[in-house]
Structure formats: structure tokens, C-alpha cells
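K.L.:
Let me give you the structure first, and then I'll get to my questions.
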Amino acid sequence: GPVAKWDITESNSGEIPLGVPRPFQFTLSNNGNEPLIISTAQASCGCTNLNYSKEPILPGKSTTISVTYNAAVKGNFYKSVTVRTNASDQPTVLLIKGTVVEKPAEEKK
């Protein structure tokens, strides 16, 4: 059957400027012998934009899941995306985190 293999499941952006959306990339590979299908991918809040292919991932191939955080609020953020595939009954939880900071003074003209 399909075997889901993630490159990473957690990504830390460090500091990002307020109001500048920050994309995160996660790569999902199919290490099995049947097509891997992402049945659902759900972000923990509306502040994250999710983009992924709905096409089956063939054996030996991979796809990228893109998660963009809107950085609209100052402070630490810790958001999750829950991904379900046909490889397991258990979902995979992808984590993005970082700190949104005020833009440096020289950029505020």
C-alpha cells in the first residue's frame, strides 16, 4: 500500500515582520507501492492559508504542502495543520511557529 514519508513535520520561522505573510513548505513522499491520497488537510485557524495538490501521489513521487501564515498579529504563533492520508488511520500534524515582530524603524517611512 501507500507509505507517507514527511521531510519535516515542524518548521520554525524565527522572527517575521508584522503584516508580511510567511510561507512554510512541507514535502510528502510516497515510499509505498500504491498511490497515496491526501483525503483532508485542515489548518487550526483562518490565519493560515493552505495549498496542496488533490492528485494522487504515485509510488516514488512526492508533493509539497504549502502553509502561509498571515502574520497579522504581533507575538508568538504556534499553528497546526492536520493532514489525513490513505496511508494511515492516524493523521499527521504539521506545526509552524515563530514570532511576529514590529517592522524595523527604518522601514516605517
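Please note that chains go A, B, ... in the order of the C-alpha cells, that every chain numbers its residues from 1, and that ligands are numbered from 1 in the order shown.
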For A:Ala4, find every residue with an atom within 7 Å (counting only C-alpha atoms), except residues of its own chain fewer than 4 positions away, and show them as a count of residues only.
P.N.:
5
K.L.:
Which of chain A end up as strand (DSSP E) when DSSP is run on this backbone - answer as a ChimeraX atom specification?
P.N.:
/A:4-6,10-17,22-30,38-43,48-51,62-69,75-85,92-101
K.L.:
Given the selection you just returned, output its residues as a file containing C-alpha atoms, formatted as a PDB file, in the first residue's frame.
P.N.:
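Listing of result03.pdb after writing:
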```pdb
ATOM      1  CA  ALA A   4       3.602   8.540   3.696  1.00  0.00           C
ATOM      2  CA  LYS A   5       7.056   9.980   4.459  1.00  0.00           C
ATOM      3  CA  TRP A   6       7.394  13.644   5.508  1.00  0.00           C
ATOM      4  CA  GLU A  10       7.694  21.155  12.298  1.00  0.00           C
ATOM      5  CA  SER A  11       9.025  24.442  10.929  1.00  0.00           C
ATOM      6  CA  ASN A  12      10.219  27.439  12.962  1.00  0.00           C
ATOM      7  CA  SER A  13      10.448  30.742  11.082  1.00  0.00           C
ATOM      8  CA  GLY A  14      12.099  32.701  13.897  1.00  0.00           C
ATOM      9  CA  GLU A  15      11.157  36.388  13.703  1.00  0.00           C
ATOM     10  CA  ILE A  16       8.994  37.642  10.849  1.00  0.00           C
ATOM     11  CA  PRO A  17       7.797  41.213  10.212  1.00  0.00           C
ATOM     12  CA  ARG A  22       5.273  33.867   5.684  1.00  0.00           C
ATOM     13  CA  PRO A  23       5.098  30.652   3.621  1.00  0.00           C
ATOM     14  CA  PHE A  24       6.168  27.271   5.004  1.00  0.00           C
ATOM     15  CA  GLN A  25       6.769  24.197   2.835  1.00  0.00           C
ATOM     16  CA  PHE A  26       6.356  20.540   3.786  1.00  0.00           C
ATOM     17  CA  THR A  27       7.221  17.713   1.391  1.00  0.00           C
ATOM     18  CA  LEU A  28       5.252  14.475   1.426  1.00  0.00           C
ATOM     19  CA  SER A  29       6.727  11.459  -0.380  1.00  0.00           C
ATOM     20  CA  ASN A  30       5.082   8.164  -1.220  1.00  0.00           C
ATOM     21  CA  ILE A  38      -4.412  13.263   0.846  1.00  0.00           C
ATOM     22  CA  SER A  39      -8.027  12.959   1.945  1.00  0.00           C
ATOM     23  CA  THR A  40      -8.105  16.132   4.064  1.00  0.00           C
ATOM     24  CA  ALA A  41      -5.764  18.878   5.244  1.00  0.00           C
ATOM     25  CA  GLN A  42      -7.142  21.290   7.842  1.00  0.00           C
ATOM     26  CA  ALA A  43      -5.441  24.359   9.328  1.00  0.00           C
ATOM     27  CA  THR A  48      -3.175  30.162   7.791  1.00  0.00           C
ATOM     28  CA  ASN A  49      -3.678  29.583   4.091  1.00  0.00           C
ATOM     29  CA  LEU A  50      -3.251  26.013   2.901  1.00  0.00           C
ATOM     30  CA  ASN A  51      -2.369  24.835  -0.592  1.00  0.00           C
ATOM     31  CA  SER A  62       6.347  13.500  -3.780  1.00  0.00           C
ATOM     32  CA  THR A  63       4.253  16.647  -3.395  1.00  0.00           C
ATOM     33  CA  THR A  64       4.590  19.901  -1.494  1.00  0.00           C
ATOM     34  CA  ILE A  65       2.080  21.221   1.010  1.00  0.00           C
ATOM     35  CA  SER A  66       2.328  24.993   1.337  1.00  0.00           C
ATOM     36  CA  VAL A  67       1.133  26.686   4.531  1.00  0.00           C
ATOM     37  CA  THR A  68       1.154  30.502   4.640  1.00  0.00           C
ATOM     38  CA  TYR A  69       0.769  32.342   7.953  1.00  0.00           C
ATOM     39  CA  GLY A  75       3.767  37.944  19.213  1.00  0.00           C
ATOM     40  CA  ASN A  76       4.478  34.236  19.182  1.00  0.00           C
ATOM     41  CA  PHE A  77       2.461  31.927  16.982  1.00  0.00           C
ATOM     42  CA  TYR A  78       2.164  28.165  17.053  1.00  0.00           C
ATOM     43  CA  LYS A  79      -0.243  26.765  14.462  1.00  0.00           C
ATOM     44  CA  SER A  80      -1.008  23.277  13.259  1.00  0.00           C
ATOM     45  CA  VAL A  81      -2.248  21.636  10.085  1.00  0.00           C
ATOM     46  CA  THR A  82      -3.812  18.195  10.380  1.00  0.00           C
ATOM     47  CA  VAL A  83      -3.292  16.012   7.294  1.00  0.00           C
ATOM     48  CA  ARG A  84      -5.116  12.740   6.689  1.00  0.00           C
ATOM     49  CA  THR A  85      -3.998  10.286   4.004  1.00  0.00           C
ATOM     50  CA  THR A  92      -0.129  13.723  10.691  1.00  0.00           C
ATOM     51  CA  VAL A  93       0.056  17.092  12.456  1.00  0.00           C
ATOM     52  CA  LEU A  94       2.351  19.671  10.832  1.00  0.00           C
ATOM     53  CA  LEU A  95       3.452  22.547  13.075  1.00  0.00           C
ATOM     54  CA  ILE A  96       4.520  26.069  12.139  1.00  0.00           C
ATOM     55  CA  LYS A  97       5.824  28.532  14.693  1.00  0.00           C
ATOM     56  CA  GLY A  98       7.670  31.794  15.057  1.00  0.00           C
ATOM     57  CA  THR A  99       7.381  35.319  16.386  1.00  0.00           C
ATOM     58  CA  VAL A 100       5.751  38.253  14.602  1.00  0.00           C
ATOM     59  CA  VAL A 101       7.615  41.494  15.370  1.00  0.00           C
TER      60      VAL A 101
END
```
K.L.:
Could you tell me how far atom CA of A:Gly60 lies from atom CA of A:Thr9, in Å and to one decimal?
P.N.:
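Answer for the atom CA of A:Gly60 to atom CA of A:Thr9 separation: 19.5 Å.
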K.L.:
Which residues are near A:Ala72? Cut-off 9 Å, only C-alpha atoms, ignore same chain within fewer than 3 positions. Put them as a PyMOL selection string.
P.N.:
chain A and resi 18-21+47+69+100
K.L.:
For those residues, write N, CA, C and O atoms to a file as an mmCIF file, in the first residue's frame.
P.N.:
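So again-v3.cif came out as:
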```cif
data_model
loop_
_atom_site.group_PDB
_atom_site.id
_atom_site.type_symbol
_atom_site.label_atom_id
_atom_site.label_comp_id
_atom_site.auth_asym_id
_atom_site.auth_seq_id
_atom_site.Cartn_x
_atom_site.Cartn_y
_atom_site.Cartn_z
ATOM 1 N N LEU A 18 5.683 42.041 11.032
ATOM 2 C CA LEU A 18 4.232 42.189 11.123
ATOM 3 C C LEU A 18 3.660 42.504 9.743
ATOM 4 O O LEU A 18 4.182 43.358 9.022
ATOM 5 N N GLY A 19 2.591 41.804 9.369
ATOM 6 C CA GLY A 19 1.883 42.094 8.126
ATOM 7 C C GLY A 19 2.525 41.528 6.872
ATOM 8 O O GLY A 19 2.069 41.806 5.771
ATOM 9 N N VAL A 20 3.592 40.730 7.020
ATOM 10 C CA VAL A 20 4.234 40.112 5.857
ATOM 11 C C VAL A 20 3.986 38.600 5.924
ATOM 12 O O VAL A 20 4.595 37.911 6.733
ATOM 13 N N PRO A 21 3.051 38.091 5.110
ATOM 14 C CA PRO A 21 2.742 36.664 5.164
ATOM 15 C C PRO A 21 3.992 35.808 4.963
ATOM 16 O O PRO A 21 4.857 36.144 4.149
ATOM 17 N N CYS A 47 -6.056 32.038 10.057
ATOM 18 C CA CYS A 47 -4.878 32.886 9.819
ATOM 19 C C CYS A 47 -3.823 32.163 8.983
ATOM 20 O O CYS A 47 -2.782 32.722 8.676
ATOM 21 N N TYR A 69 1.288 31.666 6.763
ATOM 22 C CA TYR A 69 0.769 32.342 7.953
ATOM 23 C C TYR A 69 0.667 33.834 7.653
ATOM 24 O O TYR A 69 1.600 34.429 7.126
ATOM 25 N N VAL A 100 6.033 37.091 15.449
ATOM 26 C CA VAL A 100 5.751 38.253 14.602
ATOM 27 C C VAL A 100 6.206 39.491 15.366
ATOM 28 O O VAL A 100 5.832 39.690 16.519
#
```
K.L.:
For atom CA of A:Asn86 and atom CA of A:Leu36, determine how far apart the two atoms are, in Å to one decimal place.
P.N.:
6.2 Å
K.L.:
Which one of A:Asn33, A:Tyr52, A:Ile8, A:Val3 sits closest to A:Asp89 if you count only C-alpha atoms?
P.N.:
A:Val3
K.L.:
With only C-alpha atoms as the basis for distance, which of A:Ser53, A:Lys103, A:Pro59, A:Ser88 is at the shortest distance from A:Ala71?
P.N.:
A:Lys103
K.L.:
Quick one: distance from atom CA of A:Asn70 to atom CA of A:Cys45 in Å, one decimal?
P.N.:
10.7 Å
